[in-house]
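Below: the structure, in structure tokens.
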Amino acid sequence: MTGVISQKEFQPLVNKAIMRVREYFGERFLAAYLHGSLNYGDAIPYISDMDCYIVIKDDLNDSDNAWINNNENDLQKEYPIINGIHLSVHSAKEVKIDAYTRFILKYNSSLYDGVDIVERFNTEKFGVIKPDKSVARERLKFVKQCFDDALNGKQPACTGELPKNTYYITRKFARYFVIIEGAYWLMSINKFHSFEKTQVLMDLRGNCSEFNDVFDLTESVLRNPIEAGISHEVFLVKISPFMRMIFESISNI
């Protein structure tokens with residue numbers, strides 16, 4: 001039984017993609033997880049992409065990789081409402097040995113179809129990463145480099161391909177830097193509840209209200225980036241004090 005997403009205009013695409021995956025892999029198929037904007041119900045038609053993490057029983061072969069690539073292209077042509085389809089297929093063994101992948105699937109994704117392979121392997125035997133200060137501290141160097149790259153007009157490693165429109169770049173930066181990195185900062189002070197944007201903004205306002213102007217701006221950008229009308233260069237400057245605060249706070253843990 002496949003899941004249901006909140007944005008009905010994307011439901012046929014997601015159903016078709018998972019149906020094709022199930023038909024192709026057959027008994028090899030284990031699970032499909034949605035993450036990104038489709039998971040949280042704030043995808044923008046013709047702008048947002050589809051991110052789906054697929055788990056199968058065994059390793060991929062050359063034929064599998066060719067089928068994935070062809071299927072992504074076919075679905076994109078059939079459903080132009082989405083701007084890029086990413087079916088990331090991995091073996092159960094990869095999920096079992098990679099605790100960080102299980103962490104992301106557990107806290108920043110939703111099981112759309114199949115069995116919850118994350119919970120099957122999320123045990124002390126295979127390693128468990130919890131949403132606490134250690135995970136925030138371990139990724140700090142990477143995040144600081146991503147933010148520096150964004151400030152210098154380079155492609156940050158954390159965002160994937162950026163849109164051409166500056167307002168949609170702003171939206172992507174709002175999600176990745178304020179929401180996601182804000183969530184990791186909340187982990188570092190034991191105040192994390194979810195990666196969902198409304199929850200993160202509420203928790204940030206409750207724990208560092210001196211940056212409410214940043215959170216108000218972020219909320220406005222995420223609601224309607226065109227209406228907010230702020231370029232990504234200006235947005236990065238405005239959020240820099242907040243980002244410096246969380247970087248310093250995490251590094252001093």
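Residue names in the structure tokens use chain letters A, B, ... in the order shown, residue numbers from 1 in each chain, and ligand numbers from 1 in the order shown.
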
Based on the backbone DSSP call, show me all residues of region 55-160 of chain A assigned strand (DSSP E), as a list of chain:residue names.
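Answer for region 55-160 of chain A, restricted to strand (DSSP E): A:Val55, A:Ile56, A:Ile85, A:His86, A:Leu87, A:Ser88, A:Val89, A:His90, A:Ser91, A:Ser109, A:Ser110, A:Leu111, A:Tyr112, A:Asp113, A:Gly114.
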
Could the residues in this selection be written to a file with C-alpha atoms, as a tab-separated table (two decimals), in the first residue's frame?
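Everything below was put into result27.tsv:
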chain	number	residue	atom	x	y	z
A	55	VAL	CA	15.95	0.16	-0.47
A	56	ILE	CA	16.33	-3.24	-2.16
A	85	ILE	CA	13.41	13.09	-10.34
A	86	HIS	CA	15.95	11.39	-8.12
A	87	LEU	CA	15.45	7.71	-7.34
A	88	SER	CA	18.35	6.89	-5.05
A	89	VAL	CA	18.46	3.09	-4.83
A	90	HIS	CA	20.55	1.30	-2.20
A	91	SER	CA	20.94	-2.18	-0.81
A	109	SER	CA	12.05	11.42	5.68
A	110	SER	CA	8.82	9.45	5.64
A	111	LEU	CA	8.22	5.82	4.75
A	112	TYR	CA	6.01	5.90	1.66
A	113	ASP	CA	5.84	2.21	0.78
A	114	GLY	CA	7.24	-1.12	1.95

Could you pull the residues within 8 Å of region 195-199 of chain A, counting only C-alpha atoms, minus those fewer than 2 positions along the same chain, as a PyMOL selection string?
chain A and resi 40+107-108+175+179-180+183+193+201-203

Can I get the selected residues back with C-alpha atoms, as a compact mmCIF listing (two decimals), in the first residue's frame?
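And here's result-v3.txt as it stands now:
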# COMPACT_ATOMS: atom_id res chain seq x y z
CA TYR A 40 6.92 18.18 3.83
CA TYR A 107 14.16 12.03 11.29
CA ASN A 108 14.01 13.81 7.92
CA ARG A 175 15.46 25.67 4.11
CA ILE A 179 15.71 25.28 8.99
CA ILE A 180 18.06 22.31 8.67
CA ALA A 183 17.44 21.98 13.67
CA HIS A 193 11.67 17.86 17.96
CA LEU A 201 10.88 27.88 13.57
CA MET A 202 8.75 27.63 16.69
CA ASP A 203 11.59 25.98 18.61

Pairwise distance for CA of Pro163 (chain A) and CA of Glu138 (chain A), rounded to one decimal in Å:
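These two atoms are separated by 28.7 Å.
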
Can you list, as a PyMOL selection string, every protein, DNA or RNA residue that comes within 7 Å of region 241-250 of chain A when you count only C-alpha atoms, leaving out same-chain residues fewer than 6 positions away?
chain A and resi 136-137+185+188+211

DSSP on the backbone, then: every residue of region 96-130 of chain A marked alpha helix (DSSP H), written as a short mmCIF file (atom, residue, chain, number, x, y, z; two decimals) with C-alpha atoms, in the first residue's frame.
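Dumped everything to result02.cif:
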data_model
loop_
_atom_site.label_atom_id
_atom_site.label_comp_id
_atom_site.auth_asym_id
_atom_site.auth_seq_id
_atom_site.Cartn_x
_atom_site.Cartn_y
_atom_site.Cartn_z
CA LYS A 96 22.50 -1.56 7.79
CA ILE A 97 26.11 -0.33 7.95
CA ALA A 99 24.00 4.80 10.71
CA TYR A 100 23.89 8.37 9.39
CA THR A 101 21.67 7.34 6.47
CA ARG A 102 19.32 5.68 8.94
CA PHE A 103 19.37 8.86 11.03
CA ILE A 104 18.30 10.99 8.04
CA LEU A 105 15.63 8.51 6.96
CA LYS A 106 14.25 8.33 10.49
CA TYR A 107 14.16 12.03 11.29
CA ASN A 108 14.01 13.81 7.92
CA ILE A 117 13.96 -1.01 7.08
CA VAL A 118 15.36 1.80 9.24
CA GLU A 119 13.78 0.48 12.41
CA ARG A 120 14.88 -3.03 11.53
CA PHE A 121 18.56 -2.00 11.64
#

Restricting the calculation to only C-alpha atoms, which member of A:Ala66, A:Met50, A:Ala174, A:Val21 is positioned closest to Ile82 (chain A)?
A:Met50

Rounded to one decimal, what separation in Å do you get between CA of Lys125 (chain A) and CA of Asn190 (chain A)?
24.5 Å

Measure the distance from CA of Phe215 (chain A) to CA of Asp49 (chain A) in Å and round it to one decimal.
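Taking CA of Phe215 (chain A) and CA of Asp49 (chain A), their separation equals 24.5 Å.
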
Could you list, as a ChimeraX atom specification, every residue within 10 Å of region 2-7 of chain A, counting only C-alpha atoms and ignoring same-chain residues fewer than 4 positions away?
/A:11,14-15,18-19,32-34,38-44,110-114

Which of these, A:Leu162, A:Val143, A:Ala157, A:Ala228, has the shortest distance to Gly182 (chain A) once you count only C-alpha atoms?
A:Val143

Please list as a list in words every residue within 12 Å of Asn65 (chain A), counting only C-alpha atoms and excluding residues in the same chain fewer than 3 positions away.
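In the requested form, the answer reads Tyr24, Phe25, Asp59, Leu60, Asn61, Asp62, Ile68, Asn69, Asn70, Asn71, Glu72, Leu87, Ser88, Val89 and His90 of chain A.
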